[in-house]
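Novice: Pasting protein-v1.cif below, which is mmCIF, C-alpha atoms.
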```cif
data_model
loop_
_atom_site.group_PDB
_atom_site.id
_atom_site.type_symbol
_atom_site.label_atom_id
_atom_site.label_comp_id
_atom_site.auth_asym_id
_atom_site.auth_seq_id
_atom_site.Cartn_x
_atom_site.Cartn_y
_atom_site.Cartn_z
ATOM 1 C CA MET V 30 7.145 18.690 10.780
ATOM 2 C CA ALA V 31 7.320 18.099 7.064
ATOM 3 C CA VAL V 32 4.840 16.212 4.919
ATOM 4 C CA ARG V 33 6.514 13.533 2.824
ATOM 5 C CA ALA V 34 5.298 10.930 0.335
ATOM 6 C CA ILE V 35 6.668 7.407 0.545
ATOM 7 C CA ARG V 36 6.238 4.878 -2.248
ATOM 8 C CA GLY V 37 6.461 1.125 -2.269
ATOM 9 C CA ALA V 38 5.409 -1.806 -4.419
ATOM 10 C CA THR V 39 5.107 -5.565 -4.421
ATOM 11 C CA GLN V 40 4.065 -8.259 -6.857
ATOM 12 C CA VAL V 41 1.859 -11.314 -6.318
ATOM 13 C CA ASP V 42 1.838 -14.600 -8.196
ATOM 14 C CA ALA V 43 -1.902 -14.638 -8.861
ATOM 15 C CA ASP V 44 -5.118 -12.671 -8.491
ATOM 16 C CA ASP V 45 -5.866 -14.367 -5.204
ATOM 17 C CA ARG V 46 -7.493 -12.655 -2.211
ATOM 18 C CA GLU V 47 -5.111 -14.204 0.338
ATOM 19 C CA GLN V 48 -2.027 -13.363 -1.746
ATOM 20 C CA ILE V 49 -3.169 -9.751 -2.149
ATOM 21 C CA LEU V 50 -3.774 -9.372 1.593
ATOM 22 C CA ALA V 51 -0.512 -11.088 2.566
ATOM 23 C CA ALA V 52 1.604 -9.090 0.118
ATOM 24 C CA THR V 53 -0.036 -5.812 1.121
ATOM 25 C CA THR V 54 0.466 -6.606 4.804
ATOM 26 C CA GLU V 55 4.153 -7.240 4.157
ATOM 27 C CA LEU V 56 4.463 -4.068 2.053
ATOM 28 C CA VAL V 57 2.787 -1.804 4.606
ATOM 29 C CA THR V 58 4.709 -3.351 7.500
ATOM 30 C CA GLU V 59 8.019 -2.905 5.689
ATOM 31 C CA VAL V 60 7.304 0.726 4.735
ATOM 32 C CA MET V 61 6.309 1.555 8.302
ATOM 33 C CA SER V 62 9.335 -0.225 9.788
ATOM 34 C CA ARG V 63 11.964 1.144 7.400
ATOM 35 C CA ASN V 64 10.705 4.680 7.940
ATOM 36 C CA ARG V 65 10.166 4.279 11.710
ATOM 37 C CA LEU V 66 6.530 5.349 11.460
ATOM 38 C CA THR V 67 3.406 4.742 13.483
ATOM 39 C CA THR V 68 -0.139 5.090 12.211
ATOM 40 C CA ASP V 69 -0.264 8.476 13.989
ATOM 41 C CA ASP V 70 2.351 9.725 11.489
ATOM 42 C CA VAL V 71 0.313 8.670 8.449
ATOM 43 C CA ILE V 72 -1.937 11.271 6.815
ATOM 44 C CA SER V 73 -3.330 9.017 4.054
ATOM 45 C CA VAL V 74 -2.451 6.052 1.876
ATOM 46 C CA LEU V 75 -3.280 5.518 -1.786
ATOM 47 C CA PHE V 76 -3.114 1.924 -3.002
ATOM 48 C CA THR V 77 -3.133 1.027 -6.679
ATOM 49 C CA THR V 78 -3.226 -2.326 -8.390
ATOM 50 C CA THR V 79 -2.628 -3.320 -11.949
ATOM 51 C CA PRO V 80 -5.918 -4.061 -13.755
ATOM 52 C CA ASP V 81 -5.349 -7.826 -13.445
ATOM 53 C CA LEU V 82 -5.829 -7.722 -9.649
ATOM 54 C CA VAL V 83 -9.456 -7.629 -8.556
ATOM 55 C CA GLY V 84 -9.527 -10.301 -5.818
ATOM 56 C CA GLU V 85 -9.526 -7.887 -2.861
ATOM 57 C CA PHE V 86 -8.987 -4.287 -1.842
ATOM 58 C CA PRO V 87 -5.382 -3.826 -0.632
ATOM 59 C CA ALA V 88 -6.642 -1.296 1.916
ATOM 60 C CA LEU V 89 -8.287 -4.132 3.839
ATOM 61 C CA ALA V 90 -4.834 -5.371 4.853
ATOM 62 C CA ALA V 91 -3.955 -1.922 6.209
ATOM 63 C CA ARG V 92 -7.207 -1.796 8.181
ATOM 64 C CA LYS V 93 -6.321 -5.155 9.719
ATOM 65 C CA LEU V 94 -2.930 -3.670 10.727
ATOM 66 C CA GLY V 95 -4.635 -0.889 12.701
ATOM 67 C CA PHE V 96 -5.059 1.871 10.124
ATOM 68 C CA GLN V 97 -8.540 2.645 11.491
ATOM 69 C CA GLU V 98 -8.236 6.446 11.556
ATOM 70 C CA VAL V 99 -6.179 6.811 8.361
ATOM 71 C CA PRO V 100 -7.942 7.663 5.084
ATOM 72 C CA LEU V 101 -7.233 4.856 2.590
ATOM 73 C CA LEU V 102 -8.063 4.743 -1.111
ATOM 74 C CA CYS V 103 -7.720 1.977 -3.701
ATOM 75 C CA ALA V 104 -7.522 2.589 -7.440
ATOM 76 C CA SER V 105 -6.724 0.641 -10.576
ATOM 77 C CA GLU V 106 -3.778 1.683 -12.712
ATOM 78 C CA ILE V 107 -4.058 2.258 -16.431
ATOM 79 C CA ALA V 108 -3.735 -0.871 -18.564
ATOM 80 C CA VAL V 109 -0.381 -0.327 -20.260
ATOM 81 C CA PRO V 110 0.349 -3.354 -22.492
ATOM 82 C CA HIS V 111 4.009 -3.765 -21.434
ATOM 83 C CA ALA V 112 3.500 -3.081 -17.715
ATOM 84 C CA LEU V 113 4.664 -5.492 -15.040
ATOM 85 C CA PRO V 114 1.647 -7.679 -14.102
ATOM 86 C CA ARG V 115 0.022 -8.308 -10.681
ATOM 87 C CA VAL V 116 1.541 -5.310 -8.898
ATOM 88 C CA ILE V 117 0.282 -3.577 -5.769
ATOM 89 C CA ARG V 118 1.658 -0.099 -5.116
ATOM 90 C CA LEU V 119 1.213 2.347 -2.309
ATOM 91 C CA MET V 120 1.901 6.010 -1.755
ATOM 92 C CA ALA V 121 1.727 7.064 1.868
ATOM 93 C CA HIS V 122 1.610 10.694 2.895
ATOM 94 C CA VAL V 123 3.229 11.109 6.297
ATOM 95 C CA GLU V 124 4.305 13.753 8.782
ATOM 96 C CA THR V 125 7.946 13.287 9.777
ATOM 97 C CA ASP V 126 10.980 15.140 11.065
ATOM 98 C CA ARG V 127 13.168 13.129 8.665
#
```
Represent the structure from my file as structure tokens, please.

Specialist:
Amino acid sequence: MAVRAIRGATQVDADDREQILAATTELVTEVMSRNRLTTDDVISVLFTTTPDLVGEFPALAARKLGFQEVPLLCASEIAVPHALPRVIRLMAHVETDR
């Protein structure tokens, strides 16, 4: 099996805990579905947020989806003045035959 990295991103309307969790849940669910993955396929997931999002850790949403045995890490992106605001990104490292 090969190790692959899969990226995804979403944007929220505000720095709101519930919006961050809902958007991250949708993002993780979509990435898993589109790539036909289970949590057993996932090696680790790195979540980043733009510096304007501090209302909650995106990894909490993944934990609530069953990512109990998967190492998760959250980090803040650099504050680039012209960057798109309120963005949550993920990079998942997975084992896959595809």

Novice: Which residue out of V:Leu113, V:Ala34, V:Leu119, V:Leu50 has the minimum interatomic distance to Val83 in chain V when all atoms listed in the file are used?

Specialist: V:Leu50

Novice: I'd like to see the residues matched by the PyMOL selection byres ((chain V and resi 58) around 12) on this file, and ideally I'd get them as a count of residues only.

Specialist: 26

Novice: CA of Val123 in chain V and CA of Leu89 in chain V are how many Å apart?

Specialist: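 Answer for the CA of Val123 in chain V to CA of Leu89 in chain V separation: 19.3 Å.
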
Novice: If I take CA of Met120 in chain V and CA of Ser105 in chain V, how far is one from the other in Å, to one decimal?

Specialist: 13.5 Å

Novice: Quick one: distance from CA of Ala121 in chain V to CA of Val71 in chain V in Å, one decimal?

Specialist: 6.9 Å

Novice: Could you list the residues chosen by the PyMOL selection byres ((chain V and resi 101) around 9) in this structure as a PDB file with C-alpha atoms, in the coordinates of the input?

Specialist:
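Contents of the output file expr-v4.pdb:
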```
ATOM      1  CA  SER V  73      -3.330   9.017   4.054  1.00  0.00           C
ATOM      2  CA  VAL V  74      -2.451   6.052   1.876  1.00  0.00           C
ATOM      3  CA  LEU V  75      -3.280   5.518  -1.786  1.00  0.00           C
ATOM      4  CA  PHE V  76      -3.114   1.924  -3.002  1.00  0.00           C
ATOM      5  CA  ALA V  88      -6.642  -1.296   1.916  1.00  0.00           C
ATOM      6  CA  ALA V  91      -3.955  -1.922   6.209  1.00  0.00           C
ATOM      7  CA  ARG V  92      -7.207  -1.796   8.181  1.00  0.00           C
ATOM      8  CA  PHE V  96      -5.059   1.871  10.124  1.00  0.00           C
ATOM      9  CA  VAL V  99      -6.179   6.811   8.361  1.00  0.00           C
ATOM     10  CA  PRO V 100      -7.942   7.663   5.084  1.00  0.00           C
ATOM     11  CA  LEU V 102      -8.063   4.743  -1.111  1.00  0.00           C
ATOM     12  CA  CYS V 103      -7.720   1.977  -3.701  1.00  0.00           C
TER      13      CYS V 103
END
```

Novice: Taking only C-alpha atoms into account, which of V:Asp70, V:Asp126, V:Glu85, V:Glu98 comes nearest Ile49 in chain V?

Specialist: V:Glu85

Novice: Output as lines of an AutoDock Vina configuration file the centre and edge lengths (Å, one decimal) of the box along x, y and z of the file that holds every listed atom of range 70-79 of chain V after adding 5 Å on each side.

Specialist:
```
center_x = -0.5
center_y = 4.0
center_z = -0.2
size_x = 15.7
size_y = 24.6
size_z = 33.4
```

Novice: Rank nothing, just name the residue among V:Thr79, V:Val32, V:Val109, V:Arg115 nearest to Asp45 in chain V, using all atoms listed in the file.

Specialist: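 Among V:Thr79, V:Val32, V:Val109, V:Arg115, it is V:Arg115 that comes nearest to Asp45 in chain V.
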
Novice: Taking into account only C-alpha atoms, which residue in the set V:Ala38, V:Val116, V:Ala31, V:Ala104 is nearest to Asp81 in chain V?

Specialist: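 Of the candidates, the smallest distance to Asp81 in chain V is held by V:Val116.
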
Novice: For Ala112 in chain V, which of V:Asp69, V:Asp44, V:Pro80, V:Ile35 is the closest residue, counting only C-alpha atoms?

Specialist: V:Pro80
